[in-house]
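Colleague: Below: one structure in structure tokens.
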Amino acid sequence: MSKRVHIESYGCQMNFSDSEIVASILAKDGYTLVDKAEEADLVLLNTCSIRDKAEQTVLNRIDGLNHLKGRNPDLRVGVLGCMAERMREDLLEKKKLVDLVVGPDAYRTLPTLLDEVEGGQKAVNVLLSREETYAEIEPVRLGSNGVTAFVTIMRGCDNMCAFCVVPFTRGRERSRDPDTIVDECRQLVAQGYREVTLLGQNVDSYRWNVDGRGAVKDPTVPVTDFADLLERVAGVSPLLRVRYSTSHPKDMTDKVLAVMARHPNICKYIHLPVQSGSSAVLQRMNRGYDRAWYLARIAAIRRHMPDCAISTDLITGFCGETEEEHRDTLSLMEAVRYDMAYMFKYSERPRTLAARKYADDVPDDVKGRRLQEVIDLQMKHAGERNRRHVGQVQEVLIEGVSKRSEAHLFGRNSQNAVVIVARHHAGTELKPGDLVLARIVSGTSGSLQGEVTEVVARRPEAMAVAP
Ligand code: SAH
Ligand code: SF4
Ligand code: F3S
């Protein structure tokens with residue numbers, strides 16, 4: 001009987017994408033995937049260290065697995081990803097239940113490590129690599145809707161934002177061979193997928209065929225930057241929508257904006273994390289830009305694509321943040337009017353520049369109050385921004401059944417806003433993967449209501465629907 005593995009992913013999209021690499025490696029090693037931890041011989045948690053709360057969630061989950069071990073003494077538990085990298089052997093000490101600790105660059109060694117674990121030992125591999133991109137591994141799509149997929153284009157991060165643990169957990173930045181990226185996208189199209197999201201911590205610094213000093217490695221191979229890559233992926237099929245995440249304000253080029261504007265199938269949506277609206281705070285954060293630079297990038301986006309949606313990440317209560325600096329964040333939000341935002345209280349992370357250099361001196365209740373002010377303002381802007389779509393006829397890619405009603409489906413417009421439409425249109429039942437035109441009739445801060453006017457393309461019949 002084959003061994004059964006259950007994988008849970010926490011944290012960012014890159015972790016979800018990595019779990020699909022892990023699933024592929026384990027499938028080749030004879031493992032079958034199961035949906036429930038209760039049914040597994042091996043439970044793997046792919047973990048996140050970005051904030052203390054993210055780590056607490058996983059530590060609690062490990063405790064929660066204790067009763068399963070009681071029932072099945074042969075159950076093995078492994079921790080993968082960023083917490084594995086950050087906590088290393090300490091994790092085995094702290095949580096006796098854990099048998100296996102594997103960092104994000106060491107997944108190819110999983111079969112060997114699992115052999116050790118089966119022999120009754122504990123196994124650890126947290127080596128980081130300068131080269132590993134898992135370029136040729138064909139991911140096993142997990143929890144997929146068969147319509148949208150993540151494609152990792154680079155790993156690691158060379159920026160040293162003062163608050164951020166990622167450079168410590170993910171190592172040096174490296175780009176993946178563009179040919180393998182384009183191949184993966186072609187295969188996805190052949191399988192019926194209709195949208196890819198290209199992933200990296202800082203996609204604007206994607207570069208293929210240059211070394212660390214910027215010199216060309218192989219003169220017979222073209223240098224590919226992110227704009228070139230985006231253009232190649234957009235060329236795979238006019239029916240493949242292309243998204244990407246995350247852009248960095250200091251590196252986002254007009255060349256990328258021009259490519260986006262030129263290709264209708266590149267979605268008009270940019271996630272451009274600002275973190276703070278105060279130049280002094282941005283400097284302490286070591287972000288590499290100030291408020292004026294950021295606003296100039298926003299202006300460039302709007303110049304190239306007036307209808308482009310923009311979202312951001314914001315941190316409240318970073319080290320030394322004054323009331324006035326906090327108000328700078330609110331005024332920057334007023335100036336930009338984001339379509340969407342992820343908003344966080346600052347959480348000090350061990351080893352980071354901020355942890356070593358600055359005091360975490362904004363009291364928790366002040367961080368919380370500032371966060372609430374930021375959230376309230378964002379809710380107002382999101383509602384306003386969403387309502388701007390009302391009256392327009394927009395292309396919507398259907399992704400699944402609406403949470404609220406079986407009679408409705410949900411999809412997204414190019415700007416990444418969720419659009420709800422009726423399941424039936426002119427006597428036909430719409431399905432995930434269908435591309436439709438819909439007239440937007442109303443909107444809230446969370447979603448839009450649309451009326452389908454035309455079906456542009458049906459989901460291909462031969463499509464392999466993922467379980
Ligand atoms: N590479 C991306 C961000 C990855 S982390 C970028 O540069 O934008 C996602 C978000 O988590 C960050 O943008 C930041 O807003 C938030 N974050 C990171 N470290 C944090 C910390 N120590 N405390 C609170 N929020 C944090
Ligand atoms: Fe972290 Fe900054 Fe790198 Fe983003 S760019 S992953 S915030 S260090
Ligand atoms: Fe978390 Fe690691 Fe992503 S720390 S946000 S899972 S890169």
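If you're wondering about the labels, chains in the structure tokens are A, B, ... by order shown, residues count from 1 in each chain, ligands from 1 in order shown.
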Around ligand 3, out to 8 Å and counting only C-alpha atoms and all ligand atoms, which residues are there? I want them as a PyMOL selection string.
Modeller: chain A and resi 10-15+46-51+54+81-83+156+165-166+169-170+201
Colleague: Within 9 Å of Asn386 in chain A, counting only C-alpha atoms, which residues show up once you throw out same-chain ones fewer than 4 positions away? Write them as a ChimeraX atom specification, please.
Modeller: /A:339,381-382,390,417,442-448
Colleague: Taking a cut-off of 8 Å and counting only C-alpha atoms and all ligand atoms, can you build a table that, for each residue of chain A near ligand 2, reports the nearest atom pair and how far apart they are in Å (one decimal), sorted by chain then residue number, as JSON lines?
Modeller:
{"residue": "A:Gly156", "atom": "CA", "partner": "ligand 2", "partner_atom_place_in_ligand_line": "6 (S)", "distance": 7.7}
{"residue": "A:Cys157", "atom": "CA", "partner": "ligand 2", "partner_atom_place_in_ligand_line": "3 (Fe)", "distance": 4.8}
{"residue": "A:Asp158", "atom": "CA", "partner": "ligand 2", "partner_atom_place_in_ligand_line": "3 (Fe)", "distance": 6.4}
{"residue": "A:Asn159", "atom": "CA", "partner": "ligand 2", "partner_atom_place_in_ligand_line": "8 (S)", "distance": 4.6}
{"residue": "A:Met160", "atom": "CA", "partner": "ligand 2", "partner_atom_place_in_ligand_line": "8 (S)", "distance": 4.6}
{"residue": "A:Cys161", "atom": "CA", "partner": "ligand 2", "partner_atom_place_in_ligand_line": "2 (Fe)", "distance": 4.3}
{"residue": "A:Ala162", "atom": "CA", "partner": "ligand 2", "partner_atom_place_in_ligand_line": "8 (S)", "distance": 7.4}
{"residue": "A:Phe163", "atom": "CA", "partner": "ligand 2", "partner_atom_place_in_ligand_line": "7 (S)", "distance": 7.4}
{"residue": "A:Cys164", "atom": "CA", "partner": "ligand 2", "partner_atom_place_in_ligand_line": "1 (Fe)", "distance": 4.6}
{"residue": "A:Val165", "atom": "CA", "partner": "ligand 2", "partner_atom_place_in_ligand_line": "1 (Fe)", "distance": 6.4}
{"residue": "A:Val166", "atom": "CA", "partner": "ligand 2", "partner_atom_place_in_ligand_line": "1 (Fe)", "distance": 5.1}
{"residue": "A:Pro167", "atom": "CA", "partner": "ligand 2", "partner_atom_place_in_ligand_line": "8 (S)", "distance": 5.7}
{"residue": "A:Gln201", "atom": "CA", "partner": "ligand 2", "partner_atom_place_in_ligand_line": "6 (S)", "distance": 5.0}
{"residue": "A:Asn202", "atom": "CA", "partner": "ligand 2", "partner_atom_place_in_ligand_line": "5 (S)", "distance": 5.8}
{"residue": "A:His248", "atom": "CA", "partner": "ligand 2", "partner_atom_place_in_ligand_line": "5 (S)", "distance": 6.6}
{"residue": "A:Arg287", "atom": "CA", "partner": "ligand 2", "partner_atom_place_in_ligand_line": "2 (Fe)", "distance": 6.9}
Colleague: Print the selection's residues with N, CA, C and O atoms to a file, as a PDB file, in the first residue's frame.
Modeller:
ATOM      1  N   GLY A 156      13.783  33.689  -3.223  1.00  0.00           N
ATOM      2  CA  GLY A 156      14.634  34.476  -2.354  1.00  0.00           C
ATOM      3  C   GLY A 156      14.418  35.967  -2.494  1.00  0.00           C
ATOM      4  O   GLY A 156      13.568  36.420  -3.263  1.00  0.00           O
ATOM      5  N   CYS A 157      15.199  36.736  -1.741  1.00  0.00           N
ATOM      6  CA  CYS A 157      15.101  38.194  -1.827  1.00  0.00           C
ATOM      7  C   CYS A 157      16.401  38.816  -1.361  1.00  0.00           C
ATOM      8  O   CYS A 157      16.933  38.438  -0.320  1.00  0.00           O
ATOM      9  N   ASP A 158      16.916  39.764  -2.158  1.00  0.00           N
ATOM     10  CA  ASP A 158      18.167  40.445  -1.811  1.00  0.00           C
ATOM     11  C   ASP A 158      17.945  41.818  -1.177  1.00  0.00           C
ATOM     12  O   ASP A 158      18.897  42.519  -0.886  1.00  0.00           O
ATOM     13  N   ASN A 159      16.687  42.206  -0.998  1.00  0.00           N
ATOM     14  CA  ASN A 159      16.437  43.473  -0.308  1.00  0.00           C
ATOM     15  C   ASN A 159      16.520  43.203   1.177  1.00  0.00           C
ATOM     16  O   ASN A 159      16.233  42.104   1.623  1.00  0.00           O
ATOM     17  N   MET A 160      16.893  44.198   1.891  1.00  0.00           N
ATOM     18  CA  MET A 160      16.976  44.017   3.332  1.00  0.00           C
ATOM     19  C   MET A 160      16.046  45.010   4.004  1.00  0.00           C
ATOM     20  O   MET A 160      16.498  45.909   4.709  1.00  0.00           O
ATOM     21  N   CYS A 161      14.760  44.864   3.752  1.00  0.00           N
ATOM     22  CA  CYS A 161      13.792  45.712   4.438  1.00  0.00           C
ATOM     23  C   CYS A 161      13.947  45.423   5.927  1.00  0.00           C
ATOM     24  O   CYS A 161      14.000  44.253   6.325  1.00  0.00           O
ATOM     25  N   ALA A 162      14.029  46.493   6.733  1.00  0.00           N
ATOM     26  CA  ALA A 162      14.451  46.327   8.125  1.00  0.00           C
ATOM     27  C   ALA A 162      13.523  45.444   8.939  1.00  0.00           C
ATOM     28  O   ALA A 162      13.946  44.801   9.895  1.00  0.00           O
ATOM     29  N   PHE A 163      12.241  45.378   8.550  1.00  0.00           N
ATOM     30  CA  PHE A 163      11.260  44.633   9.343  1.00  0.00           C
ATOM     31  C   PHE A 163      11.154  43.172   8.932  1.00  0.00           C
ATOM     32  O   PHE A 163      10.497  42.380   9.597  1.00  0.00           O
ATOM     33  N   CYS A 164      11.780  42.779   7.822  1.00  0.00           N
ATOM     34  CA  CYS A 164      11.359  41.568   7.117  1.00  0.00           C
ATOM     35  C   CYS A 164      12.282  40.359   7.323  1.00  0.00           C
ATOM     36  O   CYS A 164      13.496  40.430   7.187  1.00  0.00           O
ATOM     37  N   VAL A 165      11.674  39.216   7.578  1.00  0.00           N
ATOM     38  CA  VAL A 165      12.400  37.987   7.867  1.00  0.00           C
ATOM     39  C   VAL A 165      12.704  37.190   6.584  1.00  0.00           C
ATOM     40  O   VAL A 165      13.526  36.275   6.589  1.00  0.00           O
ATOM     41  N   VAL A 166      12.034  37.547   5.479  1.00  0.00           N
ATOM     42  CA  VAL A 166      12.126  36.731   4.260  1.00  0.00           C
ATOM     43  C   VAL A 166      13.569  36.497   3.773  1.00  0.00           C
ATOM     44  O   VAL A 166      13.920  35.369   3.420  1.00  0.00           O
ATOM     45  N   PRO A 167      14.434  37.532   3.736  1.00  0.00           N
ATOM     46  CA  PRO A 167      15.802  37.255   3.273  1.00  0.00           C
ATOM     47  C   PRO A 167      16.507  36.183   4.111  1.00  0.00           C
ATOM     48  O   PRO A 167      17.388  35.486   3.608  1.00  0.00           O
ATOM     49  N   GLN A 201       9.180  37.498  -4.781  1.00  0.00           N
ATOM     50  CA  GLN A 201       9.123  38.533  -3.736  1.00  0.00           C
ATOM     51  C   GLN A 201       9.348  39.917  -4.322  1.00  0.00           C
ATOM     52  O   GLN A 201       8.921  40.919  -3.754  1.00  0.00           O
ATOM     53  N   ASN A 202      10.033  39.976  -5.452  1.00  0.00           N
ATOM     54  CA  ASN A 202      10.320  41.270  -6.083  1.00  0.00           C
ATOM     55  C   ASN A 202      10.479  41.002  -7.578  1.00  0.00           C
ATOM     56  O   ASN A 202      11.593  40.917  -8.088  1.00  0.00           O
ATOM     57  N   HIS A 248       8.056  45.844  -6.633  1.00  0.00           N
ATOM     58  CA  HIS A 248       8.700  46.682  -5.631  1.00  0.00           C
ATOM     59  C   HIS A 248       8.824  48.106  -6.174  1.00  0.00           C
ATOM     60  O   HIS A 248       9.356  48.297  -7.263  1.00  0.00           O
ATOM     61  N   ARG A 287      13.573  50.798   2.725  1.00  0.00           N
ATOM     62  CA  ARG A 287      12.797  50.374   1.556  1.00  0.00           C
ATOM     63  C   ARG A 287      13.401  50.856   0.233  1.00  0.00           C
ATOM     64  O   ARG A 287      13.012  50.387  -0.839  1.00  0.00           O
TER      65      ARG A 287
END
Colleague: Show which residues sit within 7 Å of Lys3 in chain A, as a ChimeraX atom specification. Count only C-alpha atoms, and ignore same-chain residues fewer than 6 positions away.
Modeller: /A:30-32,41
Colleague: Can you spit out the residues from that selection as an mmCIF file, in the first residue's frame, using N, CA and C atoms?
Modeller:
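Dumped to selection.cif:
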data_model
loop_
_atom_site.group_PDB
_atom_site.id
_atom_site.type_symbol
_atom_site.label_atom_id
_atom_site.label_comp_id
_atom_site.auth_asym_id
_atom_site.auth_seq_id
_atom_site.Cartn_x
_atom_site.Cartn_y
_atom_site.Cartn_z
ATOM 1 N N GLY A 30 6.335 7.787 -4.478
ATOM 2 C CA GLY A 30 5.344 6.761 -4.123
ATOM 3 C C GLY A 30 4.280 7.201 -3.137
ATOM 4 N N TYR A 31 4.185 8.488 -2.841
ATOM 5 C CA TYR A 31 3.158 8.950 -1.906
ATOM 6 C C TYR A 31 1.860 9.302 -2.624
ATOM 7 N N THR A 32 0.739 9.034 -1.956
ATOM 8 C CA THR A 32 -0.566 9.483 -2.435
ATOM 9 C C THR A 32 -1.010 10.654 -1.566
ATOM 10 N N ASP A 41 -0.252 9.131 6.749
ATOM 11 C CA ASP A 41 0.889 8.570 7.482
ATOM 12 C C ASP A 41 1.930 9.649 7.720
#
Colleague: Run DSSP on the backbone of this structure and report the residues of range 118-211 of chain A it assigns to helix (DSSP H, G or I), as a PyMOL selection string.
Modeller: chain A and resi 118+166-170+178-190+203-205
Colleague: From the list A:Leu45, A:Val77, A:Leu314, A:Leu110, which residue is nearest ligand 1 when using only C-alpha atoms and all ligand atoms?
Modeller: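 Counting only C-alpha atoms and all ligand atoms, the residue closest to ligand 1 is A:Leu314.
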Colleague: Apply DSSP to the backbone of this structure and, from range 279-439 of chain A, keep only the residues in strand (DSSP E or B); write these as a PyMOL selection string.
Modeller: chain A and resi 309-316+340-345+393-401+408-412+418-422+424-425+428-429+435-439
Colleague: Keeping only C-alpha atoms, take the residues you just selected and write them out as a compact mmCIF listing (two decimals), in the first residue's frame.
Modeller:
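out_32.txt was written with the following content:
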# COMPACT_ATOMS: atom_id res chain seq x y z
CA ALA A 309 -6.30 48.78 -10.13
CA ILE A 310 -3.64 49.25 -7.46
CA SER A 311 -3.34 47.48 -4.12
CA THR A 312 -0.78 47.71 -1.35
CA ASP A 313 0.60 46.43 1.95
CA LEU A 314 0.74 48.72 4.98
CA ILE A 315 2.41 48.34 8.38
CA THR A 316 1.32 50.40 11.39
CA MET A 340 -7.40 46.92 -1.97
CA ALA A 341 -4.87 46.67 0.85
CA TYR A 342 -3.33 44.16 3.23
CA MET A 343 -2.81 45.91 6.55
CA PHE A 344 -0.69 44.75 9.47
CA LYS A 345 0.55 45.74 12.91
CA VAL A 393 -19.22 46.00 -19.50
CA GLN A 394 -16.18 43.97 -18.41
CA GLU A 395 -14.50 40.68 -19.17
CA VAL A 396 -14.95 38.27 -16.25
CA LEU A 397 -13.22 34.91 -15.89
CA ILE A 398 -15.49 32.56 -13.93
CA GLU A 399 -13.66 30.76 -11.11
CA GLY A 400 -16.27 28.98 -9.01
CA VAL A 401 -19.60 28.87 -7.22
CA HIS A 408 -24.56 32.32 -8.61
CA LEU A 409 -20.96 32.03 -9.73
CA PHE A 410 -18.03 34.28 -8.97
CA GLY A 411 -15.16 35.42 -11.13
CA ARG A 412 -12.78 38.34 -11.44
CA VAL A 418 -14.66 39.79 -7.54
CA VAL A 419 -17.76 39.81 -9.77
CA ILE A 420 -20.89 37.76 -8.95
CA VAL A 421 -23.08 36.62 -11.86
CA ALA A 422 -26.09 34.32 -12.27
CA HIS A 424 -27.51 30.54 -16.02
CA HIS A 425 -27.32 32.80 -19.04
CA THR A 428 -26.91 27.72 -20.77
CA GLU A 429 -25.25 26.89 -17.51
CA LEU A 435 -14.85 33.90 -20.03
CA VAL A 436 -17.87 36.21 -20.21
CA LEU A 437 -18.74 39.85 -20.70
CA ALA A 438 -20.78 41.24 -17.83
CA ARG A 439 -22.43 44.59 -17.21
Colleague: Find the distance between CA of Thr112 in chain A and CA of Asn66 in chain A and write it in Å to one decimal.
Modeller: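 Here the two named atoms are 25.0 Å from each other.
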Colleague: Which of these residues is nearest to Arg71 in chain A, using only C-alpha atoms: A:Glu55, A:Glu85, A:Glu348, A:Glu38?
Modeller: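 Checking each of A:Glu55, A:Glu85, A:Glu348, A:Glu38 against Arg71 in chain A, counting only C-alpha atoms, the winner is A:Glu38.
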